[in-house]
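Note: the block below is final06.txt and it holds compact mmCIF, C-alpha atoms and all ligand atoms.
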```txt
# COMPACT_ATOMS: atom_id res chain seq x y z
CA MET U 1 14.49 -64.37 -72.52
CA TYR U 2 14.88 -61.51 -70.03
CA ASP U 3 11.77 -59.42 -70.57
CA MET U 4 11.62 -57.19 -67.54
CA SER U 5 9.77 -54.31 -69.17
CA LEU U 6 7.57 -52.41 -66.75
CA THR U 7 3.96 -51.34 -67.13
CA GLU U 8 2.94 -47.68 -66.99
CA GLU U 9 1.42 -48.32 -63.57
CA GLU U 10 4.70 -49.81 -62.31
CA ASN U 11 6.68 -46.85 -63.64
CA LEU U 12 4.32 -44.46 -61.84
CA MET U 13 4.78 -46.43 -58.62
CA ILE U 14 8.58 -46.25 -58.93
CA GLN U 15 8.34 -42.50 -59.51
CA SER U 16 6.15 -42.01 -56.43
CA VAL U 17 8.57 -44.05 -54.25
CA LYS U 18 11.48 -41.96 -55.60
CA GLU U 19 9.60 -38.81 -54.55
CA PHE U 20 8.71 -40.29 -51.16
CA THR U 21 12.38 -41.10 -50.58
CA GLN U 22 13.49 -37.60 -51.51
CA THR U 23 10.80 -35.64 -49.70
CA THR U 24 10.01 -37.76 -46.63
CA ILE U 25 12.92 -40.11 -45.93
CA ALA U 26 16.06 -38.16 -46.92
CA PRO U 27 15.44 -35.11 -44.69
CA ALA U 28 14.96 -37.30 -41.59
CA VAL U 29 17.86 -39.69 -42.08
CA LYS U 30 20.62 -37.88 -40.18
CA GLU U 31 18.55 -37.43 -37.04
CA ILE U 32 17.38 -41.07 -37.05
CA ASP U 33 20.99 -42.22 -37.47
CA ILE U 34 22.02 -40.22 -34.39
CA SER U 35 19.05 -41.16 -32.18
CA GLY U 36 18.62 -44.74 -33.38
CA GLU U 37 14.90 -44.31 -32.75
CA PHE U 38 12.49 -46.33 -34.84
CA PRO U 39 10.94 -43.93 -37.41
CA TRP U 40 7.30 -44.87 -36.85
CA ASP U 41 6.06 -41.71 -38.61
CA ILE U 42 7.80 -42.70 -41.87
CA VAL U 43 7.07 -46.42 -41.53
CA ASN U 44 3.38 -45.66 -40.91
CA LYS U 45 3.30 -43.72 -44.17
CA LEU U 46 4.85 -46.72 -45.96
CA ILE U 47 2.22 -48.93 -44.33
CA ASP U 48 -0.52 -46.59 -45.62
CA LEU U 49 0.94 -47.02 -49.11
CA GLY U 50 0.97 -50.82 -48.67
CA LEU U 51 4.74 -50.85 -49.22
CA HIS U 52 5.39 -52.78 -46.00
CA ALA U 53 3.77 -55.79 -47.65
CA MET U 54 5.23 -55.83 -51.17
CA PRO U 55 4.89 -59.57 -51.94
CA VAL U 56 1.43 -59.98 -50.38
CA PRO U 57 -0.94 -61.04 -53.18
CA ALA U 58 -3.83 -58.79 -54.20
CA GLU U 59 -6.36 -61.46 -53.15
CA TYR U 60 -5.20 -60.90 -49.55
CA GLY U 61 -5.32 -57.11 -49.86
CA GLY U 62 -1.61 -56.59 -50.67
CA PRO U 63 0.04 -54.91 -53.65
CA GLY U 64 1.15 -58.31 -55.02
CA LEU U 65 4.37 -56.92 -56.45
CA SER U 66 6.68 -59.09 -58.53
CA SER U 67 10.18 -59.77 -57.22
CA VAL U 68 11.63 -57.44 -59.86
CA MET U 69 9.34 -54.61 -58.72
CA SER U 70 10.07 -55.31 -55.05
CA ALA U 71 13.79 -55.06 -55.81
CA ILE U 72 13.42 -51.80 -57.74
CA LEU U 73 11.40 -50.23 -54.90
CA ALA U 74 13.78 -51.55 -52.23
CA GLU U 75 16.66 -49.94 -54.16
CA GLU U 76 14.79 -46.62 -54.28
CA LEU U 77 14.03 -46.68 -50.54
CA ALA U 78 17.65 -47.65 -49.79
CA LYS U 79 18.95 -44.63 -51.71
CA GLY U 80 17.35 -42.63 -48.92
CA CYS U 81 17.74 -44.97 -45.96
CA PRO U 82 18.90 -48.61 -46.05
CA GLY U 83 17.59 -49.03 -42.48
CA ILE U 84 14.03 -48.22 -43.54
CA ALA U 85 14.44 -50.44 -46.62
CA THR U 86 15.56 -53.21 -44.23
CA THR U 87 12.42 -52.78 -42.10
CA VAL U 88 10.32 -53.28 -45.22
CA GLY U 89 12.56 -56.10 -46.47
CA ALA U 90 12.17 -58.00 -43.19
CA ASN U 91 8.41 -57.95 -43.69
CA GLY U 92 8.87 -59.57 -47.09
CA LEU U 93 11.30 -62.10 -45.60
CA THR U 94 8.76 -63.02 -42.93
CA SER U 95 5.99 -63.38 -45.50
CA TYR U 96 7.77 -65.95 -47.69
CA PRO U 97 7.31 -68.95 -45.34
CA ILE U 98 3.57 -68.26 -45.45
CA LEU U 99 3.56 -67.70 -49.22
CA LEU U 100 5.61 -70.87 -49.76
CA THR U 101 3.80 -73.26 -47.45
CA GLY U 102 0.81 -71.56 -45.77
CA THR U 103 -2.66 -73.06 -45.87
CA GLU U 104 -5.52 -70.83 -46.93
CA ALA U 105 -6.41 -70.22 -43.27
CA GLN U 106 -2.78 -69.40 -42.38
CA LYS U 107 -2.50 -66.97 -45.27
CA LYS U 108 -5.67 -65.25 -44.15
CA LEU U 109 -4.51 -65.07 -40.52
CA TYR U 110 -1.05 -63.74 -41.33
CA PHE U 111 -1.89 -61.42 -44.24
CA ASP U 112 -4.86 -59.93 -42.35
CA LEU U 113 -2.43 -58.97 -39.57
CA LEU U 114 0.02 -57.48 -42.06
CA MET U 115 -2.62 -55.61 -44.01
CA SER U 116 -4.11 -54.20 -40.82
CA GLY U 117 -0.80 -52.35 -40.49
CA LYS U 118 1.32 -54.73 -38.43
CA LEU U 119 5.00 -55.36 -39.06
CA ALA U 120 6.51 -58.85 -39.04
CA ALA U 121 9.78 -60.48 -37.95
CA PHE U 122 11.61 -63.62 -39.05
CA CYS U 123 12.99 -65.40 -35.97
CA LEU U 124 15.66 -67.90 -36.92
CA THR U 125 18.99 -66.74 -35.38
CA GLU U 126 19.89 -67.60 -31.78
CA PRO U 127 22.93 -66.87 -29.60
CA ASN U 128 24.44 -70.25 -30.60
CA ALA U 129 22.79 -70.67 -33.98
CA GLY U 130 23.99 -68.04 -36.47
CA SER U 131 25.54 -69.35 -39.68
CA ASP U 132 24.77 -72.83 -38.35
CA ALA U 133 21.01 -72.31 -38.45
CA GLY U 134 20.45 -76.03 -37.88
CA ALA U 135 21.75 -75.59 -34.31
CA VAL U 136 18.51 -73.83 -33.24
CA ALA U 137 17.80 -74.69 -29.58
CA THR U 138 14.37 -73.06 -29.17
CA THR U 139 12.02 -75.95 -28.48
CA ALA U 140 8.51 -76.69 -29.69
CA VAL U 141 6.67 -79.34 -27.70
CA LYS U 142 3.28 -80.60 -28.84
CA GLU U 143 0.70 -80.72 -26.04
CA GLY U 144 -2.74 -81.75 -27.24
CA GLY U 145 -3.95 -79.24 -29.78
CA GLU U 146 -1.14 -76.80 -29.06
CA TYR U 147 2.62 -76.29 -29.41
CA VAL U 148 4.53 -74.82 -26.48
CA LEU U 149 7.57 -72.74 -27.48
CA ASN U 150 10.58 -71.94 -25.29
CA GLY U 151 13.82 -70.21 -26.27
CA GLN U 152 15.70 -67.08 -27.23
CA LYS U 153 15.99 -65.53 -30.68
CA THR U 154 18.67 -62.94 -31.27
CA PHE U 155 19.40 -60.10 -33.74
CA ILE U 156 15.80 -60.09 -34.93
CA THR U 157 14.96 -57.28 -37.37
CA ASN U 158 11.62 -55.71 -36.34
CA GLY U 159 11.80 -57.87 -33.17
CA GLY U 160 10.52 -55.06 -30.95
CA VAL U 161 8.05 -53.50 -33.38
CA ALA U 162 6.43 -56.52 -35.07
CA GLY U 163 2.88 -57.71 -34.49
CA VAL U 164 3.59 -61.20 -35.81
CA TYR U 165 6.60 -63.53 -36.03
CA THR U 166 7.60 -66.61 -37.96
CA VAL U 167 9.54 -68.69 -35.44
CA PHE U 168 11.82 -71.65 -36.10
CA ALA U 169 12.09 -74.20 -33.28
CA THR U 170 13.28 -77.75 -32.80
CA GLN U 171 11.06 -80.64 -31.85
CA ASP U 172 13.99 -83.03 -31.53
CA LYS U 173 17.53 -81.63 -31.29
CA SER U 174 19.05 -85.07 -31.97
CA LYS U 175 17.58 -84.91 -35.49
CA GLY U 176 19.55 -81.72 -36.32
CA ILE U 177 18.12 -79.79 -39.25
CA LYS U 178 15.40 -82.45 -39.70
CA GLY U 179 14.09 -81.63 -36.21
CA LEU U 180 13.18 -78.02 -37.03
CA SER U 181 9.64 -76.76 -37.59
CA ALA U 182 8.26 -73.32 -38.49
CA PHE U 183 5.38 -71.54 -36.78
CA ILE U 184 3.30 -68.38 -37.03
CA VAL U 185 3.32 -66.66 -33.62
CA GLU U 186 1.28 -63.53 -32.89
CA ARG U 187 3.15 -60.97 -30.77
CA ASP U 188 0.38 -60.63 -28.19
CA ARG U 189 0.54 -64.26 -27.01
CA PRO U 190 1.45 -64.58 -23.30
CA GLY U 191 5.11 -65.48 -22.68
CA ILE U 192 6.66 -63.36 -25.44
CA SER U 193 9.03 -60.58 -24.45
CA VAL U 194 11.52 -58.45 -26.30
CA GLY U 195 15.11 -57.69 -25.26
CA LYS U 196 16.91 -54.37 -25.47
CA GLU U 197 17.44 -52.82 -28.84
CA GLU U 198 20.87 -53.46 -30.38
CA ASN U 199 23.04 -50.34 -30.52
CA LYS U 200 24.21 -50.91 -34.08
CA MET U 201 27.03 -49.57 -36.22
CA GLY U 202 24.67 -48.90 -39.16
CA ILE U 203 21.09 -49.24 -40.42
CA ARG U 204 20.17 -47.54 -37.16
CA ALA U 205 16.65 -46.79 -38.40
CA SER U 206 15.89 -50.50 -38.28
CA ASN U 207 14.87 -52.19 -35.04
CA THR U 208 16.96 -55.20 -33.96
CA THR U 209 16.24 -57.05 -30.70
CA ASP U 210 16.23 -60.38 -28.95
CA VAL U 211 12.86 -62.13 -28.76
CA PHE U 212 12.23 -64.39 -25.74
CA LEU U 213 9.64 -67.17 -25.79
CA GLU U 214 8.64 -68.57 -22.41
CA ASN U 215 5.96 -71.27 -22.47
CA VAL U 216 4.31 -69.56 -25.44
CA ARG U 217 1.25 -71.56 -26.44
CA ILE U 218 0.07 -71.52 -30.04
CA PRO U 219 -2.66 -73.57 -31.70
CA ALA U 220 -1.40 -76.61 -33.63
CA ASP U 221 -2.74 -75.07 -36.84
CA HIS U 222 0.00 -72.39 -36.60
CA LEU U 223 2.56 -74.98 -37.77
CA LEU U 224 3.79 -74.08 -41.28
CA GLY U 225 4.17 -77.02 -43.64
CA LYS U 226 4.83 -80.30 -41.85
CA GLU U 227 6.75 -81.05 -38.67
CA GLY U 228 10.46 -81.33 -39.52
CA GLU U 229 10.21 -79.06 -42.59
CA GLY U 230 11.38 -75.92 -40.76
CA PHE U 231 14.96 -75.91 -42.06
CA LYS U 232 13.81 -76.45 -45.64
CA ILE U 233 11.28 -73.61 -45.27
CA ALA U 234 13.95 -71.30 -43.78
CA MET U 235 16.39 -72.01 -46.62
CA GLN U 236 13.75 -71.61 -49.35
CA THR U 237 12.70 -68.34 -47.72
CA LEU U 238 16.25 -66.99 -47.62
CA ASP U 239 16.81 -67.98 -51.26
CA LYS U 240 13.79 -65.86 -52.19
CA ALA U 241 14.59 -62.90 -49.95
CA ARG U 242 18.34 -62.50 -50.59
CA PRO U 243 17.98 -60.50 -53.83
CA ILE U 244 16.24 -57.82 -51.74
CA VAL U 245 19.39 -57.48 -49.60
CA GLY U 246 21.16 -57.18 -52.95
CA ALA U 247 18.71 -54.48 -54.06
CA ILE U 248 19.24 -52.48 -50.86
CA SER U 249 22.99 -52.80 -51.46
CA VAL U 250 22.56 -51.48 -55.01
CA GLY U 251 20.61 -48.49 -53.64
CA LEU U 252 23.50 -47.76 -51.29
CA SER U 253 26.09 -48.06 -54.07
CA GLN U 254 24.12 -45.80 -56.41
CA ALA U 255 23.62 -43.16 -53.70
CA ALA U 256 27.35 -43.23 -52.87
CA LEU U 257 28.28 -42.97 -56.57
CA ASP U 258 25.87 -40.07 -57.21
CA ALA U 259 27.19 -38.17 -54.19
CA SER U 260 30.78 -38.83 -55.28
CA ILE U 261 30.19 -37.54 -58.83
CA LYS U 262 28.61 -34.35 -57.48
CA TYR U 263 31.31 -33.75 -54.87
CA SER U 264 34.20 -34.48 -57.23
CA LYS U 265 32.92 -31.79 -59.61
CA GLU U 266 32.59 -29.22 -56.81
CA ARG U 267 35.72 -29.83 -54.75
CA GLN U 268 38.72 -27.88 -56.04
CA GLN U 269 42.35 -28.76 -55.33
CA PHE U 270 45.45 -27.65 -57.24
CA GLY U 271 43.23 -25.07 -58.96
CA LYS U 272 40.88 -27.55 -60.62
CA PRO U 273 38.00 -29.86 -59.63
CA ILE U 274 39.27 -33.16 -58.21
CA CYS U 275 37.31 -35.00 -60.96
CA ALA U 276 39.80 -33.61 -63.50
CA ASN U 277 42.28 -36.22 -62.24
CA GLN U 278 42.15 -39.48 -64.15
CA ALA U 279 42.86 -41.41 -60.95
CA LEU U 280 39.50 -40.25 -59.58
CA GLN U 281 37.72 -40.68 -62.91
CA PHE U 282 38.77 -44.32 -62.97
CA MET U 283 37.49 -44.77 -59.42
CA LEU U 284 34.12 -43.33 -60.45
CA ALA U 285 34.06 -45.54 -63.55
CA ASP U 286 34.79 -48.66 -61.49
CA MET U 287 32.09 -47.70 -58.98
CA ALA U 288 29.60 -47.37 -61.86
CA ILE U 289 30.68 -50.67 -63.47
CA GLN U 290 30.27 -52.57 -60.20
CA THR U 291 26.94 -50.91 -59.33
CA GLU U 292 25.44 -51.65 -62.75
CA ALA U 293 26.68 -55.25 -62.66
CA ALA U 294 25.22 -55.71 -59.17
CA ARG U 295 21.86 -54.28 -60.26
CA TRP U 296 21.62 -56.67 -63.21
CA LEU U 297 22.54 -59.69 -61.08
CA VAL U 298 19.80 -58.69 -58.61
CA HIS U 299 17.25 -58.19 -61.37
CA ARG U 300 18.21 -61.47 -63.01
CA ALA U 301 17.68 -63.39 -59.75
CA CYS U 302 14.31 -61.66 -59.29
CA TYR U 303 13.35 -62.40 -62.87
CA LEU U 304 14.10 -66.10 -62.31
CA ILE U 305 11.95 -66.07 -59.16
CA ASP U 306 9.07 -64.39 -61.02
CA ALA U 307 9.42 -66.81 -63.94
CA GLY U 308 9.30 -69.84 -61.64
CA LEU U 309 12.77 -70.94 -62.75
CA PRO U 310 15.54 -72.21 -60.42
CA TYR U 311 17.10 -69.27 -58.58
CA GLY U 312 18.99 -70.50 -55.48
CA LYS U 313 22.51 -70.04 -56.83
CA GLU U 314 21.67 -66.82 -58.70
CA SER U 315 20.05 -65.37 -55.58
CA ALA U 316 23.19 -66.07 -53.50
CA ILE U 317 25.42 -64.67 -56.27
CA ALA U 318 23.33 -61.49 -56.47
CA LYS U 319 23.35 -60.93 -52.69
CA THR U 320 27.08 -61.58 -52.40
CA PHE U 321 28.19 -59.48 -55.35
CA ALA U 322 25.84 -56.58 -54.56
CA SER U 323 26.77 -56.41 -50.88
CA ASP U 324 30.53 -56.74 -51.55
CA THR U 325 30.07 -53.99 -54.14
CA ALA U 326 28.21 -51.75 -51.67
CA MET U 327 31.07 -52.13 -49.19
CA LYS U 328 33.67 -51.34 -51.86
CA VAL U 329 31.78 -48.46 -53.48
CA THR U 330 30.87 -46.74 -50.19
CA THR U 331 34.49 -47.09 -48.98
CA ASP U 332 35.70 -45.54 -52.25
CA ALA U 333 33.15 -42.75 -51.81
CA VAL U 334 34.67 -41.94 -48.40
CA GLN U 335 38.06 -41.79 -50.16
CA ILE U 336 36.76 -39.40 -52.81
CA PHE U 337 35.36 -37.12 -50.10
CA GLY U 338 38.74 -37.21 -48.31
CA GLY U 339 38.62 -35.94 -44.71
CA TYR U 340 35.03 -34.77 -45.22
CA GLY U 341 34.07 -38.34 -46.05
CA TYR U 342 35.26 -39.33 -42.60
CA SER U 343 33.25 -36.58 -40.91
CA ARG U 344 29.78 -37.21 -39.53
CA ASP U 345 28.80 -33.80 -40.90
CA TYR U 346 28.70 -35.43 -44.35
CA PRO U 347 26.39 -38.33 -45.32
CA ILE U 348 29.10 -40.61 -46.74
CA GLU U 349 30.51 -42.36 -43.67
CA LYS U 350 26.97 -43.48 -42.76
CA MET U 351 26.70 -45.23 -46.13
CA MET U 352 29.87 -47.17 -45.37
CA ARG U 353 28.51 -48.16 -41.94
CA ASP U 354 25.17 -49.15 -43.47
CA ALA U 355 26.84 -51.23 -46.18
CA LYS U 356 28.69 -53.53 -43.77
CA ILE U 357 25.60 -55.37 -42.52
CA MET U 358 24.65 -56.35 -46.09
CA GLN U 359 27.65 -58.73 -46.09
CA ILE U 360 26.50 -60.26 -42.79
CA PHE U 361 22.75 -60.81 -42.54
CA GLU U 362 20.50 -63.27 -44.38
CA GLY U 363 23.57 -65.52 -44.41
CA THR U 364 27.09 -64.07 -44.35
CA ASN U 365 28.92 -63.79 -47.64
CA GLN U 366 31.05 -66.76 -46.57
CA VAL U 367 27.83 -68.77 -46.18
CA GLN U 368 26.67 -67.52 -49.62
CA ARG U 369 29.91 -68.80 -51.12
CA MET U 370 29.25 -72.16 -49.45
CA VAL U 371 25.77 -72.19 -51.07
CA ILE U 372 27.17 -71.25 -54.49
CA ALA U 373 30.04 -73.75 -54.33
CA GLY U 374 27.65 -76.44 -53.08
CA GLN U 375 25.50 -75.96 -56.19
CA LEU U 376 28.51 -75.84 -58.52
CA LEU U 377 29.84 -79.10 -57.14
CA ARG U 378 26.52 -80.93 -56.88
C1 LIG J 1 21.40 -56.01 -37.82
C2 LIG J 1 21.10 -57.48 -37.91
C3 LIG J 1 19.83 -57.90 -38.29
C4 LIG J 1 19.54 -59.26 -38.35
N1 LIG J 1 18.25 -59.66 -38.64
C5 LIG J 1 17.93 -60.98 -38.51
C6 LIG J 1 16.55 -61.40 -38.60
O1 LIG J 1 15.64 -60.61 -38.88
N2 LIG J 1 16.26 -62.72 -38.39
C7 LIG J 1 17.23 -63.63 -38.10
O2 LIG J 1 16.89 -64.80 -37.91
N3 LIG J 1 18.54 -63.27 -38.01
C8 LIG J 1 18.92 -61.96 -38.19
N4 LIG J 1 20.22 -61.57 -38.07
C9 LIG J 1 21.24 -62.57 -37.80
C10 LIG J 1 22.20 -62.78 -38.96
O3 LIG J 1 21.56 -63.49 -39.99
C11 LIG J 1 23.43 -63.51 -38.38
O4 LIG J 1 24.14 -62.54 -37.63
C12 LIG J 1 24.30 -64.11 -39.46
O5 LIG J 1 23.64 -65.17 -40.08
C13 LIG J 1 25.65 -64.59 -38.91
O6 LIG J 1 25.51 -65.31 -37.74
P1 LIG J 1 26.42 -64.94 -36.47
O7 LIG J 1 26.27 -63.48 -36.24
O8 LIG J 1 26.06 -65.85 -35.36
O9 LIG J 1 27.89 -65.19 -36.93
P2 LIG J 1 28.75 -66.64 -36.95
O10 LIG J 1 27.85 -67.66 -37.51
O11 LIG J 1 29.24 -66.81 -35.55
O12 LIG J 1 29.89 -66.29 -37.91
C14 LIG J 1 31.05 -65.55 -37.54
C15 LIG J 1 32.00 -65.53 -38.73
O13 LIG J 1 32.40 -66.87 -39.06
C16 LIG J 1 32.11 -67.14 -40.43
N5 LIG J 1 31.72 -68.54 -40.55
C17 LIG J 1 30.88 -69.26 -39.78
N6 LIG J 1 30.80 -70.53 -40.22
C18 LIG J 1 31.60 -70.61 -41.31
C19 LIG J 1 31.93 -71.65 -42.21
N7 LIG J 1 31.40 -72.87 -42.12
N8 LIG J 1 32.79 -71.38 -43.21
C20 LIG J 1 33.33 -70.14 -43.35
N9 LIG J 1 33.05 -69.11 -42.53
C21 LIG J 1 32.20 -69.35 -41.53
C22 LIG J 1 30.95 -66.21 -40.78
O14 LIG J 1 30.86 -65.98 -42.15
C23 LIG J 1 31.36 -64.96 -40.01
O15 LIG J 1 32.31 -64.24 -40.74
C24 LIG J 1 20.55 -60.21 -38.07
C25 LIG J 1 21.84 -59.78 -37.71
C26 LIG J 1 22.11 -58.45 -37.60
C27 LIG J 1 23.49 -58.03 -37.16
```
The structure given in the file should be rewritten as structure tokens.
Amino acid sequence: MYDMSLTEEENLMIQSVKEFTQTTIAPAVKEIDISGEFPWDIVNKLIDLGLHAMPVPAEYGGPGLSSVMSAILAEELAKGCPGIATTVGANGLTSYPILLTGTEAQKKLYFDLLMSGKLAAFCLTEPNAGSDAGAVATTAVKEGGEYVLNGQKTFITNGGVAGVYTVFATQDKSKGIKGLSAFIVERDRPGISVGKEENKMGIRASNTTDVFLENVRIPADHLLGKEGEGFKIAMQTLDKARPIVGAISVGLSQAALDASIKYSKERQQFGKPICANQALQFMLADMAIQTEAARWLVHRACYLIDAGLPYGKESAIAKTFASDTAMKVTTDAVQIFGGYGYSRDYPIEKMMRDAKIMQIFEGTNQVQRMVIAGQLLR
């Protein structure tokens, strides 16, 4: 049932992304983590390779990668820098509403922007609408042939660097989740402004900002799906995108495990390498078990997506297990490195900081458990 064998072309692509990560991303990571500056030079190279638009179909000029391939490449990028992998992942996340519900004209509009080198941002969260996404207060009022948008979006990945947004707004707050609609909004429309960049604990290479909409006018044909379908579109999008958060988490876990194996062979205490102690060997074995299990859950969810089979529960399971694993494995890696793991002179503490967000965004792991339990009890 699970045939996920790769073509020669796909294997070559994975190899070239591995090399890109090692030669271009890895050397720059420490400096970006300190400065928190958006790495346009690296992101522009990814744009040139088309990797900022992984799910965009070939007929719209994109690479048209399967979910399995997107996950494998996200894992490879995350081994170098989960922040850069998040930048790319957010572009995929933003593309799904268009892929799921866009008309031909909307696909052309949005994918042309993406393929001309623009980044994208998915604008759902607000100061008072986090886990409770149905509490969105940004309004969309229809005036003739236009919608007028007003509100504040918060914690938006790529918020300050995107050329196009998908925005979720309510047309009738009394209707709750049934009042939400989804829109394509180009960044250069009058009335859009961007707040200060979040000074984050981790994934500091990624850009996270507020996005303010003040009387932003968009043509009525920028509505995605039908009025009132916004919540459904947001949830379907997150179901599809969550395995990529899982894949980034797997990249983090694998990088932490690899570094721990190397260090434990080199570091000598009591006249022998620390890896000679069974206590550490068992830690390494557990890290490997959890990382492998996470990878297969992510690939299984992606396989189900590619096969057109139901994937909501499996996607939430993959995201939850992989991100909990990344937190555990990176914390254990700090332990294996001892005091050096706690030092910013070594790359390990950054992995632990980067891992934390994977348990929070695209729905916290508590929200994932609500999704999973909801499906189990349906
Ligand atoms: C770096 C970063 C990037 C982000 N990128 C984006 C983006 O691109 N687009 C976007 O729209 N959003 C984005 N977000 C927002 C992110 O999805 C939210 O932060 C997340 O969904 C949680 O919302 P909240 O922060 O308001 O926390 P809250 O919803 O206030 O939750 C606080 C705590 O309460 C728990 N909780 C809440 N309700 C329940 C419940 N019913 N049962 C059990 N526990 C509960 C949560 O799990 C959490 O532990 C990003 C956030 C960050 C930090």
Surrounding residues as JSON, numbers by chain, ligand LIG 1 (chain J), max 7 Å, all atoms listed in the file: {"U": [90, 121, 122, 123, 124, 125, 127, 128, 129, 130, 131, 132, 154, 155, 156, 157, 158, 200, 208, 357, 360, 361, 362, 363, 364, 365, 366, 367]}
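The space between atom CA of U:Glu8 and atom CA of U:Glu59 spans 21.6 Å.
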Which residues of stretch 76-159 of chain U have any atom within 9 Å of an atom in stretch 22-29 of chain U when counting all atoms listed in the file, and what is the closest pair of atoms for each, with the distance in Å to one decimal? Order the rows by chain and rising number and write it as a tab-separated table.
```
residue	atom	partner	partner_atom	distance
U:Leu77	CA	U:Ile25	CA	8.1
U:Lys79	CA	U:Ala26	CA	8.6
U:Gly80	CA	U:Ala26	CA	5.1
U:Cys81	CA	U:Val29	CA	6.6
U:Ile84	CA	U:Ile25	CA	8.5
```
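Atom pair atom CA of U:Ala318 / atom CA of U:Leu100: separated by 21.1 Å.
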Point (29.3, -47.3, -46.4), cut-off 9 Å, counting only C-alpha atoms, residues as number ranges by chain: U: 202, 252-253, 256, 326-334, 348-356
Point-to-point distance from atom CA of U:Gly225 to atom CA of U:Thr101, Å rounded to tenths: 5.4 Å
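Closest to U:Ile47 among U:Gly83, U:Val245, U:Ser116, U:Asn11 is U:Ser116, based on all atoms listed in the file.
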With 3 Å of padding per side, what axis-aligned box (centre and edge lengths, Å, one decimal) covers all the listed atoms of stretch 351-360 of chain U? Give it as lines of an AutoDock Vina configuration file.
```
center_x = 27.3
center_y = -52.7
center_z = -44.1
size_x = 11.2
size_y = 21.0
size_z = 10.2
```
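For U:Asp306, the list of residues within 7 Å, based on all atoms listed in the file and with local chain neighbours fewer than 3 positions off taken out, reads Ser66, Ser67, Cys302 and Tyr303 of chain U.
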